[in-house]
Structures are given as C-alpha cells and as structure tokens.
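Source file protein-v4.cif; content: mmCIF, C-alpha atoms and all ligand atoms.
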data_query
#
loop_
_atom_site.label_atom_id
_atom_site.label_comp_id
_atom_site.auth_asym_id
_atom_site.auth_seq_id
_atom_site.Cartn_x
_atom_site.Cartn_y
_atom_site.Cartn_z
CA MET A 104 3.28 -2.45 -25.74
CA SER A 105 0.84 -4.90 -24.27
CA HIS A 106 -2.20 -3.59 -22.39
CA ASN A 107 -2.74 -5.42 -19.10
CA THR A 108 -5.73 -5.37 -16.79
CA ALA A 109 -6.36 -6.76 -13.32
CA ILE A 110 -9.91 -7.53 -12.25
CA ILE A 111 -10.64 -7.84 -8.53
CA VAL A 112 -14.04 -9.36 -7.86
CA ALA A 113 -15.45 -7.90 -4.65
CA ALA A 114 -19.20 -7.94 -5.20
CA GLY A 115 -20.02 -10.93 -3.00
CA THR A 116 -21.96 -10.88 0.25
CA GLY A 117 -19.55 -13.10 2.18
CA SER A 118 -22.46 -14.94 3.77
CA ARG A 119 -20.20 -17.68 5.19
CA SER A 120 -17.88 -15.23 6.97
CA GLY A 121 -20.26 -14.59 9.87
CA LEU A 122 -19.85 -10.81 9.53
CA SER A 123 -22.64 -8.28 9.05
CA THR A 124 -20.74 -6.54 6.20
CA PRO A 125 -18.99 -8.34 3.33
CA LYS A 126 -15.59 -9.76 4.35
CA GLN A 127 -13.72 -7.78 1.64
CA PHE A 128 -14.34 -4.57 3.66
CA ALA A 129 -13.34 -6.05 7.06
CA MET A 130 -10.02 -4.93 8.56
CA LEU A 131 -7.04 -7.29 8.27
CA ASN A 132 -3.78 -6.24 9.94
CA GLY A 133 -4.98 -2.63 9.90
CA ARG A 134 -6.22 -2.42 6.31
CA PRO A 135 -9.46 -3.48 4.56
CA VAL A 136 -9.16 -6.95 2.99
CA LEU A 137 -9.79 -5.43 -0.47
CA ASP A 138 -6.95 -2.91 0.01
CA TRP A 139 -4.35 -5.70 0.27
CA SER A 140 -4.82 -6.94 -3.30
CA LEU A 141 -5.42 -3.42 -4.63
CA ARG A 142 -2.10 -2.19 -3.27
CA THR A 143 -0.15 -5.17 -4.59
CA PHE A 144 -1.67 -4.90 -8.08
CA SER A 145 -1.13 -1.14 -8.06
CA GLU A 146 2.47 -1.23 -6.79
CA CYS A 147 3.62 -4.03 -9.11
CA GLY A 148 3.42 -1.51 -11.98
CA LYS A 149 2.29 -4.11 -14.54
CA PHE A 150 -1.32 -2.99 -15.03
CA ASP A 151 -2.75 -0.22 -17.20
CA GLU A 152 -6.11 -0.59 -15.49
CA ILE A 153 -7.39 -2.21 -12.30
CA VAL A 154 -11.09 -3.02 -12.33
CA VAL A 155 -12.78 -3.46 -8.96
CA VAL A 156 -16.17 -5.19 -9.14
CA ILE A 157 -18.53 -4.05 -6.41
CA SER A 158 -22.18 -4.38 -5.48
CA ASP A 159 -24.33 -1.24 -5.66
CA GLU A 160 -24.78 -1.17 -1.89
CA TYR A 161 -21.05 -0.83 -1.15
CA LEU A 162 -20.13 1.58 -3.96
CA GLN A 163 -19.21 4.41 -1.57
CA THR A 164 -17.14 2.13 0.71
CA ALA A 165 -15.26 0.82 -2.33
CA LYS A 166 -14.65 4.34 -3.68
CA GLU A 167 -13.02 5.31 -0.38
CA ILE A 168 -10.75 2.25 -0.42
CA CYS A 169 -9.81 2.81 -4.08
CA GLN A 170 -9.26 6.57 -3.68
CA PRO A 171 -5.44 6.45 -3.08
CA TYR A 172 -4.80 4.45 -6.25
CA ASN A 173 -4.53 5.42 -9.93
CA ASN A 174 -6.14 3.86 -13.02
CA ILE A 175 -8.97 2.22 -11.08
CA SER A 176 -12.37 1.54 -12.63
CA ILE A 177 -15.30 0.48 -10.53
CA VAL A 178 -17.82 -1.84 -12.18
CA LEU A 179 -21.06 -3.18 -10.74
CA GLY A 180 -21.14 -6.90 -10.00
CA GLY A 181 -23.71 -9.55 -10.80
CA LYS A 182 -25.69 -12.11 -8.86
CA GLU A 183 -22.96 -14.78 -8.85
CA ARG A 184 -19.16 -14.54 -9.10
CA ALA A 185 -19.14 -15.54 -12.79
CA ASP A 186 -21.69 -12.76 -13.53
CA SER A 187 -19.41 -10.25 -11.81
CA VAL A 188 -16.46 -11.42 -13.91
CA ARG A 189 -18.49 -11.10 -17.11
CA ASN A 190 -19.49 -7.52 -16.23
CA ALA A 191 -15.80 -6.64 -15.80
CA LEU A 192 -14.80 -8.34 -19.07
CA LYS A 193 -17.49 -6.36 -20.95
CA HIS A 194 -16.14 -3.17 -19.37
CA ILE A 195 -12.54 -3.77 -20.48
CA LYS A 196 -13.29 -5.18 -23.96
CA PRO A 197 -13.21 -1.72 -25.70
CA ASN A 198 -9.59 -1.24 -24.48
CA SER A 199 -8.49 -4.39 -26.35
CA PRO A 200 -6.43 -5.72 -23.45
CA ASP A 201 -3.81 -8.40 -24.08
CA ILE A 202 -3.55 -9.92 -20.64
CA VAL A 203 -6.12 -10.05 -17.85
CA LEU A 204 -5.70 -11.34 -14.30
CA ILE A 205 -8.90 -12.17 -12.42
CA HIS A 206 -8.62 -12.21 -8.66
CA ASP A 207 -10.83 -12.72 -5.58
CA ALA A 208 -10.79 -9.74 -3.21
CA ALA A 209 -11.22 -12.45 -0.58
CA ARG A 210 -7.58 -13.52 -1.20
CA PRO A 211 -5.61 -10.61 0.28
CA GLY A 212 -2.22 -12.36 0.19
CA VAL A 213 -1.44 -12.03 -3.52
CA SER A 214 2.32 -11.57 -3.91
CA LEU A 215 4.50 -9.91 -6.54
CA LYS A 216 6.12 -13.32 -7.10
CA ILE A 217 2.77 -14.90 -8.05
CA ILE A 218 1.96 -12.02 -10.45
CA ASP A 219 5.41 -12.32 -12.09
CA SER A 220 5.09 -16.10 -12.46
CA LEU A 221 1.65 -15.75 -14.07
CA PHE A 222 2.93 -13.24 -16.62
CA GLU A 223 5.84 -15.55 -17.39
CA ALA A 224 3.50 -18.52 -17.87
CA LEU A 225 1.40 -16.55 -20.38
CA ILE A 226 4.40 -16.34 -22.73
CA ASP A 227 3.73 -19.98 -23.65
CA TYR A 228 0.16 -20.59 -22.42
CA LEU A 229 -3.27 -19.02 -22.95
CA ALA A 230 -4.23 -19.32 -19.29
CA ALA A 231 -2.45 -19.86 -15.97
CA ALA A 232 -3.32 -20.15 -12.28
CA PRO A 233 -1.62 -20.86 -8.94
CA ALA A 234 -2.16 -24.40 -7.65
CA LEU A 235 -1.31 -26.36 -4.50
CA GLN A 236 -1.02 -30.12 -4.13
CA MET A 237 -3.34 -31.97 -1.76
CA MET A 238 -1.58 -32.94 1.44
CA ASP A 239 -4.60 -34.62 3.05
CA SER A 240 -6.11 -37.88 1.89
CA ILE A 241 -9.23 -37.51 -0.23
CA LYS A 242 -12.37 -39.56 0.42
CA LYS A 243 -15.69 -39.65 -1.35
CA VAL A 244 -18.59 -39.98 1.07
CA GLY A 245 -21.41 -42.01 -0.43
CA ALA A 246 -25.11 -41.35 0.17
CA ASP A 247 -25.08 -44.36 2.50
CA GLY A 248 -22.16 -42.89 4.47
CA LYS A 249 -19.67 -45.38 3.02
CA LEU A 250 -16.20 -44.00 2.27
CA GLU A 251 -14.20 -44.44 -0.89
CA THR A 252 -10.52 -43.40 -0.96
CA LEU A 253 -9.66 -41.43 -4.07
CA ASP A 254 -6.27 -40.99 -5.74
CA ARG A 255 -5.07 -37.57 -4.60
CA SER A 256 -2.05 -37.39 -6.92
CA PRO A 257 -3.87 -35.68 -9.81
CA VAL A 258 -5.89 -33.35 -7.52
CA ARG A 259 -4.93 -29.66 -7.18
CA ARG A 260 -6.27 -26.78 -5.08
CA ILE A 261 -6.64 -23.82 -7.44
CA GLN A 262 -6.21 -20.24 -6.25
CA THR A 263 -6.51 -16.82 -7.82
CA PRO A 264 -5.33 -14.63 -9.56
CA GLN A 265 -6.09 -16.62 -12.69
CA ALA A 266 -4.39 -15.18 -15.75
CA PHE A 267 -5.58 -15.21 -19.35
CA ARG A 268 -4.86 -13.92 -22.79
CA PHE A 269 -7.91 -11.64 -23.04
CA ASN A 270 -9.24 -13.18 -26.27
CA THR A 271 -9.26 -16.62 -24.65
CA ILE A 272 -11.31 -15.66 -21.60
CA TRP A 273 -13.56 -13.43 -23.71
CA GLN A 274 -14.31 -16.30 -26.10
CA ALA A 275 -14.99 -18.58 -23.11
CA GLN A 276 -17.27 -16.19 -21.23
CA ASN A 277 -18.96 -13.98 -23.83
CA GLY A 278 -22.65 -14.73 -24.24
CA LYS A 279 -22.56 -17.46 -21.56
CA SER A 280 -24.63 -17.52 -18.39
CA SER A 281 -23.01 -20.57 -16.74
CA GLN A 282 -22.01 -20.25 -13.08
CA PHE A 283 -18.42 -21.42 -13.55
CA VAL A 284 -16.81 -22.23 -10.19
CA ASP A 285 -13.76 -20.25 -11.30
CA ASP A 286 -12.49 -18.59 -14.47
CA LEU A 287 -10.29 -21.52 -15.51
CA GLU A 288 -13.40 -23.67 -15.76
CA ALA A 289 -14.70 -21.38 -18.46
CA VAL A 290 -11.62 -21.91 -20.66
CA GLU A 291 -11.20 -25.62 -19.89
CA SER A 292 -14.04 -26.40 -22.31
CA LEU A 293 -12.15 -24.59 -25.10
CA GLY A 294 -9.36 -27.14 -24.73
CA ALA A 295 -6.90 -24.27 -24.17
CA ASP A 296 -3.45 -25.14 -22.79
CA ILE A 297 -3.42 -24.06 -19.14
CA ALA A 298 -0.28 -23.63 -17.00
CA LEU A 299 -0.43 -24.31 -13.28
CA ILE A 300 2.19 -22.40 -11.34
CA GLN A 301 3.21 -23.02 -7.72
CA GLY A 302 0.55 -21.54 -5.40
CA GLU A 303 1.17 -20.07 -1.95
CA ASN A 304 -0.39 -20.81 1.44
CA SER A 305 -0.61 -17.06 2.11
CA LEU A 306 -2.93 -16.80 -0.91
CA VAL A 307 -5.64 -18.38 1.26
CA LYS A 308 -9.24 -17.39 0.50
CA ILE A 309 -11.08 -15.90 3.46
CA THR A 310 -14.38 -17.72 3.58
CA LEU A 311 -15.21 -18.79 7.16
CA PRO A 312 -14.89 -16.72 10.39
CA GLU A 313 -11.72 -18.61 11.45
CA ASP A 314 -9.99 -17.77 8.14
CA PHE A 315 -9.43 -14.15 9.26
CA GLU A 316 -7.07 -15.18 12.05
CA MET A 317 -5.17 -17.52 9.75
CA ALA A 318 -4.88 -14.87 7.02
CA GLU A 319 -3.62 -12.31 9.56
CA LYS A 320 -0.90 -14.68 10.74
CA LEU A 321 0.14 -15.64 7.21
CA LEU A 322 0.30 -12.00 6.10
CA GLN A 323 2.41 -11.03 9.12
CA ASN A 324 5.27 -12.50 7.14
CA SER A 325 4.74 -10.26 4.15
CA LEU A 326 7.33 -7.59 3.30
CA GLU A 327 4.75 -4.87 3.82
CA ILE A 328 3.81 -5.82 7.38
CA LYS A 329 7.38 -6.39 8.45
CA ASN A 330 8.36 -3.03 6.90
CA ILE A 331 11.36 -4.75 5.37
CA LEU A 332 11.35 -2.11 2.67
CA PRO A 333 13.04 1.05 4.05
CA ARG A 334 11.36 4.42 3.46
CA ILE A 335 13.19 7.61 2.52
CA GLY A 336 11.81 11.13 2.94
CA ASN A 337 12.89 14.70 2.37
CA GLY A 338 11.56 18.02 3.64
CA TYR A 339 12.17 21.66 2.76
CA ASP A 340 11.02 24.84 4.50
CA VAL A 341 11.62 28.60 4.46
CA HIS A 342 10.87 31.33 7.02
CA ALA A 343 11.40 35.06 6.53
CA PHE A 344 13.14 37.30 9.05
CA GLU A 345 11.24 39.91 11.07
CA ASP A 346 12.25 42.21 13.89
CA GLY A 347 13.50 40.33 16.91
CA GLN A 348 16.53 39.18 18.84
CA SER A 349 16.76 35.40 18.42
CA VAL A 350 15.93 32.49 16.15
CA THR A 351 14.96 28.95 17.15
CA LEU A 352 16.72 26.26 15.11
CA CYS A 353 16.55 22.53 15.97
CA GLY A 354 14.91 23.47 19.27
CA LEU A 355 17.81 25.77 20.26
CA GLU A 356 17.28 29.50 20.79
CA ILE A 357 20.21 31.39 19.23
CA PRO A 358 20.70 35.14 19.77
CA HIS A 359 20.47 37.02 16.43
CA SER A 360 19.75 40.45 15.02
CA ALA A 361 16.35 39.25 13.75
CA SER A 362 13.75 36.58 14.47
CA LEU A 363 11.97 34.19 12.11
CA LYS A 364 8.38 34.94 11.22
CA GLY A 365 5.86 32.12 11.46
CA HIS A 366 2.61 30.82 12.84
CA SER A 367 4.47 28.53 15.27
CA ASP A 368 7.94 29.15 16.74
CA ALA A 369 9.22 29.15 13.09
CA ASP A 370 11.87 26.48 13.71
CA VAL A 371 12.56 26.06 10.01
CA ALA A 372 15.06 23.20 10.55
CA TRP A 373 12.69 21.01 12.55
CA HIS A 374 9.86 21.84 10.13
CA ALA A 375 11.96 20.44 7.27
CA LEU A 376 12.81 17.37 9.38
CA THR A 377 9.18 16.82 10.40
CA ASP A 378 8.08 17.04 6.75
CA ALA A 379 10.80 14.55 5.78
CA ILE A 380 9.34 12.01 8.24
CA TYR A 381 5.77 12.62 7.05
CA GLY A 382 7.07 12.33 3.48
CA ALA A 383 8.72 8.95 4.15
CA LEU A 384 5.41 7.72 5.57
CA ALA A 385 3.44 9.27 2.65
CA GLU A 386 1.41 11.07 5.32
CA GLY A 387 1.25 14.60 3.88
CA ASP A 388 3.08 17.41 5.65
CA ILE A 389 2.93 19.55 8.81
CA GLY A 390 0.00 21.52 7.40
CA THR A 391 -1.98 18.29 7.01
CA HIS A 392 -1.63 17.43 10.70
CA PHE A 393 -1.39 20.94 12.21
CA PRO A 394 -3.36 23.33 9.93
CA PRO A 395 -2.03 26.94 10.14
CA SER A 396 -5.69 28.04 10.09
CA ASP A 397 -6.10 26.48 13.56
CA VAL A 398 -5.31 29.13 16.22
CA LYS A 399 -4.42 26.29 18.59
CA TRP A 400 -0.98 26.01 16.92
CA LYS A 401 -0.15 29.76 17.08
CA GLY A 402 3.27 30.09 18.70
CA ALA A 403 3.46 26.30 19.20
CA ALA A 404 6.86 24.75 19.91
CA SER A 405 7.92 22.78 16.84
CA LYS A 406 8.87 19.98 19.21
CA VAL A 407 5.14 19.10 19.22
CA PHE A 408 5.15 18.61 15.43
CA LEU A 409 8.39 16.61 15.38
CA LYS A 410 7.26 14.37 18.23
CA HIS A 411 3.97 13.71 16.42
CA ALA A 412 5.81 12.63 13.25
CA VAL A 413 8.13 10.33 15.23
CA GLU A 414 5.17 8.78 17.07
CA LEU A 415 3.28 8.30 13.80
CA ALA A 416 6.33 6.49 12.34
CA ASP A 417 6.51 4.36 15.48
CA SER A 418 2.81 3.46 15.30
CA LYS A 419 3.40 2.20 11.75
CA GLY A 420 6.35 0.03 12.85
CA PHE A 421 9.17 2.35 11.73
CA MET A 422 12.13 3.88 13.51
CA ILE A 423 14.46 6.57 12.22
CA ALA A 424 17.75 5.14 10.95
CA ASN A 425 19.36 8.56 10.46
CA ALA A 426 18.51 12.19 9.80
CA ASP A 427 20.50 14.82 7.93
CA ILE A 428 19.55 18.52 8.19
CA THR A 429 21.06 21.35 6.16
CA ILE A 430 20.37 24.93 7.27
CA ILE A 431 20.80 27.51 4.51
CA CYS A 432 21.63 31.05 5.68
CA GLU A 433 24.37 33.71 5.80
CA ALA A 434 23.78 34.28 9.52
CA PRO A 435 23.63 33.31 12.31
CA LYS A 436 26.65 31.01 12.17
CA ILE A 437 25.41 27.45 12.74
CA LYS A 438 28.66 25.56 13.31
CA PRO A 439 29.22 26.71 16.93
CA HIS A 440 25.72 25.42 17.80
CA SER A 441 25.50 22.30 15.64
CA MET A 442 26.58 19.85 18.38
CA THR A 443 23.87 21.13 20.75
CA MET A 444 21.30 21.05 17.91
CA ARG A 445 22.22 17.43 17.07
CA ASP A 446 21.97 16.51 20.74
CA ILE A 447 18.49 18.01 21.21
CA THR A 448 17.26 16.56 17.92
CA SER A 449 18.60 13.07 18.62
CA LYS A 450 16.73 13.01 21.94
CA ILE A 451 13.41 13.86 20.25
CA LEU A 452 14.03 11.29 17.53
CA GLY A 453 15.03 8.72 20.16
CA ILE A 454 18.24 7.73 18.35
CA PRO A 455 21.97 8.15 19.13
CA LEU A 456 23.81 11.38 18.34
CA ASP A 457 25.95 9.78 15.64
CA ARG A 458 22.84 9.19 13.53
CA VAL A 459 21.85 12.86 13.45
CA SER A 460 23.64 15.44 11.31
CA VAL A 461 23.09 19.21 11.41
CA LYS A 462 25.15 21.20 8.95
CA ALA A 463 24.86 24.59 7.25
CA THR A 464 25.71 26.35 4.04
CA THR A 465 25.48 29.86 2.65
CA THR A 466 24.29 30.57 -0.87
CA GLU A 467 27.32 32.80 -1.56
CA LYS A 468 25.20 35.92 -0.93
CA LEU A 469 22.86 34.88 -3.77
CA GLY A 470 19.07 34.72 -3.55
CA PHE A 471 16.85 35.47 -0.57
CA THR A 472 19.07 33.68 1.93
CA GLY A 473 22.08 35.50 0.48
CA ARG A 474 20.27 38.83 0.97
CA LYS A 475 19.57 37.77 4.58
CA GLU A 476 15.84 37.94 4.06
CA GLY A 477 15.23 34.58 5.73
CA ILE A 478 16.46 31.05 6.41
CA ALA A 479 15.80 27.87 4.41
CA ALA A 480 16.34 24.32 5.60
CA GLN A 481 16.20 20.90 4.06
CA ALA A 482 16.26 17.47 5.66
CA SER A 483 16.45 13.81 4.69
CA VAL A 484 15.50 10.82 6.80
CA LEU A 485 15.62 7.09 6.39
CA LEU A 486 12.97 5.01 8.15
CA VAL A 487 13.53 1.30 8.82
CA SER A 488 11.53 -1.40 10.58
CA SER A 489 11.44 -1.02 14.36
CA GLU A 490 10.57 -4.71 14.81
N1 LIG B 501 -21.77 -12.17 -7.04
C1 LIG B 501 -20.52 -12.23 -6.62
C2 LIG B 501 -20.08 -13.23 -5.71
C3 LIG B 501 -18.76 -13.24 -5.31
N2 LIG B 501 -17.92 -12.29 -5.75
C4 LIG B 501 -16.54 -12.25 -5.28
O1 LIG B 501 -15.89 -13.45 -5.61
C5 LIG B 501 -14.88 -13.76 -4.66
C6 LIG B 501 -14.97 -15.23 -4.24
O2 LIG B 501 -16.25 -15.50 -3.75
P1 LIG B 501 -16.59 -16.01 -2.28
O3 LIG B 501 -15.40 -16.10 -1.44
O4 LIG B 501 -17.43 -17.19 -2.41
O5 LIG B 501 -17.37 -14.75 -1.75
P2 LIG B 501 -18.84 -14.59 -1.41
O6 LIG B 501 -19.70 -15.11 -2.51
O7 LIG B 501 -18.98 -13.17 -1.03
O8 LIG B 501 -18.97 -15.54 -0.10
P3 LIG B 501 -20.17 -16.45 0.38
O9 LIG B 501 -20.25 -17.56 -0.62
O10 LIG B 501 -19.73 -16.90 1.75
O11 LIG B 501 -21.40 -15.60 0.40
C7 LIG B 501 -15.06 -12.79 -3.50
O12 LIG B 501 -14.01 -11.86 -3.53
C8 LIG B 501 -16.40 -12.17 -3.76
O13 LIG B 501 -16.52 -10.83 -3.32
C9 LIG B 501 -18.36 -11.30 -6.64
O14 LIG B 501 -17.59 -10.44 -7.04
N3 LIG B 501 -19.66 -11.32 -7.06
C1 LIG B 502 -12.38 -18.73 -7.67
C2 LIG B 502 -11.98 -19.60 -6.51
O1 LIG B 502 -11.46 -18.81 -5.49
C3 LIG B 502 -10.84 -20.52 -6.98
O2 LIG B 502 -10.43 -21.34 -5.95
C4 LIG B 502 -13.12 -20.41 -5.97
O3 LIG B 502 -13.59 -21.27 -6.95
C5 LIG B 502 -14.22 -19.55 -5.42
O4 LIG B 502 -15.19 -20.39 -4.85
P1 LIG B 502 -16.45 -19.82 -4.01
O5 LIG B 502 -17.35 -20.96 -3.78
O6 LIG B 502 -17.03 -18.72 -4.84
O7 LIG B 502 -15.87 -19.33 -2.71
#
Produce structure tokens that represent the structure in this file.
Amino acid sequence: MSHNTAIIVAAGTGSRSGLSTPKQFAMLNGRPVLDWSLRTFSECGKFDEIVVVISDEYLQTAKEICQPYNNISIVLGGKERADSVRNALKHIKPNSPDIVLIHDAARPGVSLKIIDSLFEALIDYLAAAPALQMMDSIKKVGADGKLETLDRSPVRRIQTPQAFRFNTIWQAQNGKSSQFVDDLEAVESLGADIALIQGENSLVKITLPEDFEMAEKLLQNSLEIKNILPRIGNGYDVHAFEDGQSVTLCGLEIPHSASLKGHSDADVAWHALTDAIYGALAEGDIGTHFPPSDVKWKGAASKVFLKHAVELADSKGFMIANADITIICEAPKIKPHSMTMRDITSKILGIPLDRVSVKATTTEKLGFTGRKEGIAAQASVLLVSSE
C-alpha cells in the first residue's frame, strides 16, 4: 500500500492581501480559506497524513481550524515558501511516503477531480501539476518602456497542488536553500519528466484584495456550496414511564395510563427526529444545543428543539426531503393518532404531509418496551439543497 501525504503551506503573511491577518485565516463563503483545502484533502480519502505548515504566531488559530479533521500534523513554517515546504518534507521523511502533494492554502478551490488527475499522472511521471494556457497576449516591457510581443503558445500558468514521487522532491529540495518560485522549479533542474494536467479557474490563488470576491464567486459553483450532495441522518431516543395520565408524541398529547419521564416534555418521537436532523448536519445532538444541565429547558416543549434543528438546516442551505419516524411501544396504540402526528410534524418541518411518515411497532412483549417500562423511537431524515 502506498503512503500518501498532502502538504498545505499556510505560513505566509499574505502581505499583498490588504488584510491585517494572513489571508488563509480569512472567511470565504462562511469558512476560513485554509479549511477549504483541508476539507477536500481530508474527504478525498487518499491521504495517510495531511501536514499543515503554519507560522508560530498563528499556531492556535490553525489548531482550531484543523481540530475537526483526522491525521493532521502541524509543522512550523520558514521565512519563505520554499523554506516552509522543506520543513514539511523533513517532517514526513521518516514515514517514507510514496506520493506527496504540495498545495498553497491560498488556493481554496482544489477539487477532487484535480487530485485524482494528479495521482493518475504520477503513474507515468515523477512530478505533475495543474496548468492553464495563456489567453492574453504576452509582452515584455523593456527598461526604456519599449514593448516586445512574446510567443504565448509555450507559456503556461502553473497552479497547485503540485504532485511528486517523494524521492524526487526530496532529492531536489534536501540540503538546498534556494527560494524556488514553486516546487516544480526544484525538480526541473533534475531533468525529471513532469506532467502538466488541465488546471481549473476555480483553483485561483488569493493574492490581492479583489481576489477574495472572485474566489467566492468561483467557489459558489462547487458541490459543497450548492449542497448538491444530499445528507442522511438518523436519531434514536428512549424515555421511561412514570405516574401520569398522558404522553406527548410528535407534539400530540395522547391520554394514557402513564406519562413519560424527562427533563423536557419527553416527546421521544420528536427527540429522535430532531437528533436525525442534527446528525445529517453533523451538528451533534439535542444535548449539544439544549444541555439537560440548563434549567431553562426544564419542561420545554420539544417543538422548540425541532424548530431549532429545522432552522439550522435552513441556515446551511438544506431542506428536509422526507422524514420517517418509528415509535416502539406496546401502548398507547399509535395508529389512530398517526395522521394527526404526521400533520403536526409536517407543519413544523415545513414540508407536505406525504413526505412525513409516523408508524409504530411493538417488540412482541420483549425487552423494556415489551414490559411497558417506556417508549423508544427512531427517525430517519434526508436533507437536500434548498436552493
Ligand atoms: N514563508 C512562507 C510564505 C508563504 N507560504 C504559503 O505559500 C502560499 C503561497 O504564497 P503567497 O500566496 O505568496 O502567500 P504569502 O507569501 O502569504 O503572500 P504575500 O506574498 O502577499 O505576503 C500561501 O498559502 C502561503 O501561506 C508559506 O507557507 N510560508
Ligand atoms: C506556488 C505558486 O502558487 C504556483 O503558481 C506560486 O509560484 C506562488 O507564488 P507567490 O509569489 O509565492 O505567490
């Protein structure tokens, strides 16, 4: 099995960006610039390690951004970009990596397609990088102001990530102190065969203040922003019976020989549904948003929790495609109430009745629900883009 590493260089000051903090920590479409590349490298599943190169001053900021991801190493950067790259290469050398991708944090639009194409190119080449043709004419401006038109056909704009067989980039960089403009330059002198793959406009490097707006627009088209990928979630909850005369299920009070015990109104069905929505959003569970230790939520109507989850989904650009709730109990009988429960639930979710299901099952008198000690509920939801 080959060992693959991604290096994201993020130790620069971003002096040309016009910001008071380095551009890689600025927000872009709701997420720090650095987080965009981190998430893509992490979610592509191709890397055993992701090295993020950071300056000492922003160590804590970087740790917070990296916190949700696995297999991240943070390495201190150097004075110039090439020094930062060398620090990262020294860090990964003991792991004997096979393939290494080196990427600017300042290029948030790295796509899965680019990563795939780079890996494919390394089957036959020792190094590879995305490149774009020049569409503008190219002129050399002489010291006297005179112009000379150059042949643009052999000129390419080179982007990152730049991909290497580790031994090739190590041989090119180890022991050197040159300030290579990019990592390809280091291996060019070795005479190594380099593949240029098709670059992408959305891989733009944020350098100047106006680049932020352009990057935001280009990334609007990404799968992530458009929420083209649907999200599925499931939730499960249990509440025990206690003395009482009714239970609340899916917002409906049903007369019963016992009540459900709980910090809130103990609506076990809506708790499962709420958790399913939080789960689809990877946003924890009810306890994360409404801690049981907080007296404020004592006796609260579960409608508050469900509404919060729906609003959170909405704020992230999602709507609920459908919801399916199963209530597990011997009694009360759910079927006579299921239409009303679906109706109330569909109104809170803001979707038509035919996209909400409420059904029930017994456990054939087995287990705690079979012994009528409490009620369990489980729910599934599918979230899709609301745009
Ligand atoms: N000593 C350095 C300098 C740059 N970089 C990183 O290299 C990438 C490309 O560099 P550039 O866009 O030029 O960033 P800065 O050097 O930060 O920008 P500026 O030249 O405007 O100061 C960026 O992700 C930057 O954080 C780095 O890791 N270490
Ligand atoms: C590495 C690079 O992004 C490739 O295009 C580019 O060379 C970085 O240049 P900068 O002057 O450090 O912005």
(message) Can you tell me which residues surround region 215-223 of chain A at a distance of at most 9 Å, considering only C-alpha atoms, apart from same-chain residues fewer than 3 positions away, and format the answer as a PyMOL selection string?
(response) chain A and resi 143-144+146-147+149+202+204+226-227+230-233+264-267+298-303
(request) Identify which of the residues A:Cys353, A:Val484, A:Ala375, A:Val284 lies closest to Pro333 (chain A), counting all atoms listed in the file when measuring atom-to-atom distances. (result) A:Val484
(request) Kindly compile the residues surrounding ligand LIG 501 (chain B) within 7 Å, counting all atoms listed in the file, and format them as a PyMOL selection string. (result) chain A and resi 112-120+125+127+156-157+180-184+186-187+207-209+308-310
(request) Quick one: everything within 9 Å of Ile272 (chain A), counting only C-alpha atoms, minus sequence neighbours fewer than 5 positions away in the same chain. Send it as a PyMOL selection string. (result) chain A and resi 192+203+229-230+267+277+286-287+289-290
Selection from above, C-alpha atoms, as a tab-separated table (two decimals), in the frame of the given file, can you write it?
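Here's the written file selection.tsv:
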chain	number	residue	atom	x	y	z
A	192	LEU	CA	-14.80	-8.34	-19.07
A	203	VAL	CA	-6.12	-10.05	-17.85
A	229	LEU	CA	-3.27	-19.02	-22.95
A	230	ALA	CA	-4.23	-19.32	-19.29
A	267	PHE	CA	-5.58	-15.21	-19.35
A	277	ASN	CA	-18.96	-13.98	-23.83
A	286	ASP	CA	-12.49	-18.59	-14.47
A	287	LEU	CA	-10.29	-21.52	-15.51
A	289	ALA	CA	-14.70	-21.38	-18.46
A	290	VAL	CA	-11.62	-21.91	-20.66
(request) Take CA of Ala482 (chain A) and CA of Thr443 (chain A) and report the distance between them in Å, one decimal. (result) 17.3 Å
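Relative to CA of Thr472 (chain A), CA of Val407 (chain A) is found at 26.6 Å.
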Taking all atoms of ligand LIG 502 (chain B) that appear in the file, build a box with edges along x, y and z, extend it by 3 Å on every side, and state its centre and edge lengths in Å to one decimal, as AutoDock Vina command-line options.
--center_x -13.9 --center_y -20.0 --center_z -5.2 --size_x 12.9 --size_y 8.6 --size_z 11.0
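Near ligand LIG 502 (chain B), the residues found within 6 Å are Ile261, Gln262, Thr263, Val284 and Asp285 of chain A (criterion computed using only C-alpha atoms and all ligand atoms).
Pairwise distance (CA of Gly477 (chain A), CA of Val461 (chain A)) equals 18.2 Å.
Around Gln236 (chain A), within 7 Å and counting all atoms listed in the file, the residues found are Ala234, Met238, Val258, Arg259 and Arg260 of chain A, once anything fewer than 2 positions away on its own chain is removed.
Minimum atom-to-atom distances from A:Ser280, A:Lys320, A:Val413, A:Ser441 to Leu355 (chain A) were compared using all atoms listed in the file, and the lowest value belongs to A:Ser441.
Of the residues listed (A:Pro197, A:Gly121, A:Pro135, A:Gly473), A:Pro135 shows the shortest atom-to-atom separation from Glu167 (chain A); distances use all atoms listed in the file.
Remark: for Ile110 (chain A), the closest of the candidate residues A:His194, A:Lys249, A:His374, A:Lys401 is A:His194 (distances computed over all atoms listed in the file).
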(request) Find the residues around Ile380 (chain A) up to 9 Å (only C-alpha atoms counted), leave out those fewer than 4 positions away in its own chain, and share them as a ChimeraX atom specification. (result) /A:335-338,375-376,384-386,388,409,412-413,416,423,483-486
(request) Excluding Met422 (chain A) and residues on its chain fewer than 5 positions from it, collect all residues at most 6 Å away from it, counting all atoms listed in the file, and give them as a ChimeraX atom specification. (result) /A:417,486-487,489
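Nearest residue to Ser362 (chain A), choosing from A:Val155, A:Ala109, A:Ala246, A:Ala343 and counting only C-alpha atoms: A:Ala343.
Closest approach to His440 (chain A) from the set A:Glu356, A:Trp373, A:Asp427, A:Arg458 is made by A:Glu356, with distances taken over all atoms listed in the file.
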